[in-house]
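Remarks on the structure that follows.
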Amino acid sequence: MPDIFKAFAVAFSKINGILTDMFYEVLKKSETCSARLGVLHLRRGDVPTPIFMPVGTRASVKALSPLELEELGAKIILGNTYHLFLRPGMEIMNLAGGLNRFMGWERPILTDSGGFQVFSLATLRKIMPDGVKFASHIDGTRFFLGPRESMQIQRTLDSDIVMAFDECTPYPATREQAEKSLVLTTRWEAMSREQPLNDGQMRFGIVQGSTFDDLRKRSATEITALDFDGYAIGGVSVGESEPEMIAAIDAAAPCLPQDRPRYLMGVGTPRQIVEAVARGVDMFDCVMPTRLGRHGSAFMPNGETLPIKAGRFQKDFSPIDPECGCYACRNFTRAYIRHLFNVGEILGVRLLTIHNVHYFLNLARRIREAIANDTFDRLRAEFE
RNA sequence: GGUGGGGUUCCCGAGUGGCUAAAGGGGGCAGACUGUAAAUCUGCUAGCGAUGCUUUCGGUGGUUCGAACCCACCCCCCACCA
């Protein structure tokens, strides 16, 4: 596309943004797939899309300081309603003046609603019509978390993007179970939608439907009708195969409005992210870079992982990835980082976390550049 | 020189007649991890032609149907006393 048209397209989408609410703008769409370049305008700053959001469940992206996140180029991070409600609790969060102030992070935060804990802490909860009775995984204390409670907590956290309270459907699920879960989720999200939020907080709905195309479409349609600021595809990365995950996106994405951001929750591997972008997804979060970093795996250019603890790196004095520009790769060797893991020094965990988070943030950057330069198909091919 | 304690599979270490190829750690190796109950978890770790066989508990003999485990001698280590 000639530059003049490009500029026009950008200008048009900007006007378009003003006509809506300027929360989300599409800057460019790929001509060969559904990938799109955009920007989220949030209270605490703009977020370019496609974007990767590091996960900071308990008011910390594990092993990293806000300064390091800033230097790595993180634009938005996650927090979690369930975990922050339990500790430090809302009294302290209120006194602190919200999650951003509490943790010293000035850029946007997206908070998950606790819906994922309905899935991950399945043995410690009971689903009720208006929410979930949990027994705290810390001390067993009983408490109730539903759409109303979750919205109220996220208000106190004062996050920039608030997720509706859903039931993350377990995998595998029968059609009957998936449908029942979908109906419950739609109800809960309608309740979530009614709750007041703070000025400037954006609210996302979540699509469920498990592995059933028609249920995915139905859920997407029902949730869209509730008119959220953005839409997430949930109930993925719960143990299903990659083709099943892709199928869920293929089923749901076309039913979501073009002028709102799409967020694929909990995903994923580099390839899964690239494939989802090709299908029109704009936002991602995943614990993979931070968790694998703590567990001794480093991401390599092709998306595979290097087990740094392996004995074969004992005398390997090259960087994790010679092509990588992160602090860990610029300054330290495999042999040294392996040694740190070997003796249990926390710096090892920190260095791999820095490398992995850099990898994911950089992947998102490369994706954005590729869409802008019409080379996304080429980038996509690197991960096949 | 004397007295006492001890030498176990890569390392530390449990095991005192058959249920012991030998507990438990460590180390090593492999794997898992996807809106974080995870700086975590799971396997394997003598050899082999492998539902069994061979070698192994400092060494050499011996007792016994059977020994890492009991006996004799030898080698080595540690502690204390001379």
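Convention: chains lettered A, B, ... in structure tokens order; per-chain residue numbering from 1; ligands numbered from 1 as shown.
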
query: Residues of region 97-256 of chain A in strand (DSSP E) according to DSSP, as a count of residues only?
result: 30

Sorted per-residue table, chain B near chain A, closest atoms and distance, 10 Å, only C-alpha atoms (C1' of nucleotides), as JSON lines:
{"residue": "B:G28", "atom": "C1'", "partner": "A:Gly311", "partner_atom": "CA", "distance": 8.0}
{"residue": "B:C29", "atom": "C1'", "partner": "A:Ala310", "partner_atom": "CA", "distance": 8.3}
{"residue": "B:A30", "atom": "C1'", "partner": "A:Ala310", "partner_atom": "CA", "distance": 9.8}
{"residue": "B:C33", "atom": "C1'", "partner": "A:Leu292", "partner_atom": "CA", "distance": 7.1}
{"residue": "B:U34", "atom": "C1'", "partner": "A:Gly268", "partner_atom": "CA", "distance": 4.8}
{"residue": "B:G35", "atom": "C1'", "partner": "A:Gly266", "partner_atom": "CA", "distance": 4.5}
{"residue": "B:U36", "atom": "C1'", "partner": "A:Val287", "partner_atom": "CA", "distance": 6.4}
{"residue": "B:A37", "atom": "C1'", "partner": "A:His137", "partner_atom": "CA", "distance": 5.8}
{"residue": "B:A38", "atom": "C1'", "partner": "A:Arg291", "partner_atom": "CA", "distance": 7.6}
{"residue": "B:A39", "atom": "C1'", "partner": "A:Arg294", "partner_atom": "CA", "distance": 5.2}
{"residue": "B:U40", "atom": "C1'", "partner": "A:His295", "partner_atom": "CA", "distance": 7.5}

- line: Taken to one decimal, the CA of Ser210 (chain A)-CA of Lys29 (chain A) distance is 28.1 Å

task: Would you list the contacts of region 8-21 of chain B as JSON, numbers by chain, taking every protein, DNA or RNA residue within 7 Å and counting only C-alpha atoms (C1' of nucleotides), but skipping same-chain residues closer than 2 positions in sequence?
output: {"B": [23, 46, 56, 57, 66, 67, 68, 69]}

Requested write-out: C-alpha atoms (C1' of nucleotides) of the selected residues, as a compact mmCIF listing (two decimals), in the first residue's frame:
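That gives us result.txt:
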# COMPACT_ATOMS: atom_id res chain seq x y z
C1' A B 23 16.22 -46.52 53.10
C1' A B 46 25.16 -51.37 39.06
C1' U B 56 28.36 -55.04 44.25
C1' C B 57 28.78 -53.13 50.59
C1' G B 66 21.82 -68.54 52.65
C1' A B 67 26.44 -63.08 54.51
C1' A B 68 26.83 -55.88 53.51
C1' C B 69 25.37 -58.04 58.20

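Separating CA of Thr186 (chain A) from CA of Pro147 (chain A) is a distance of 10.9 Å.
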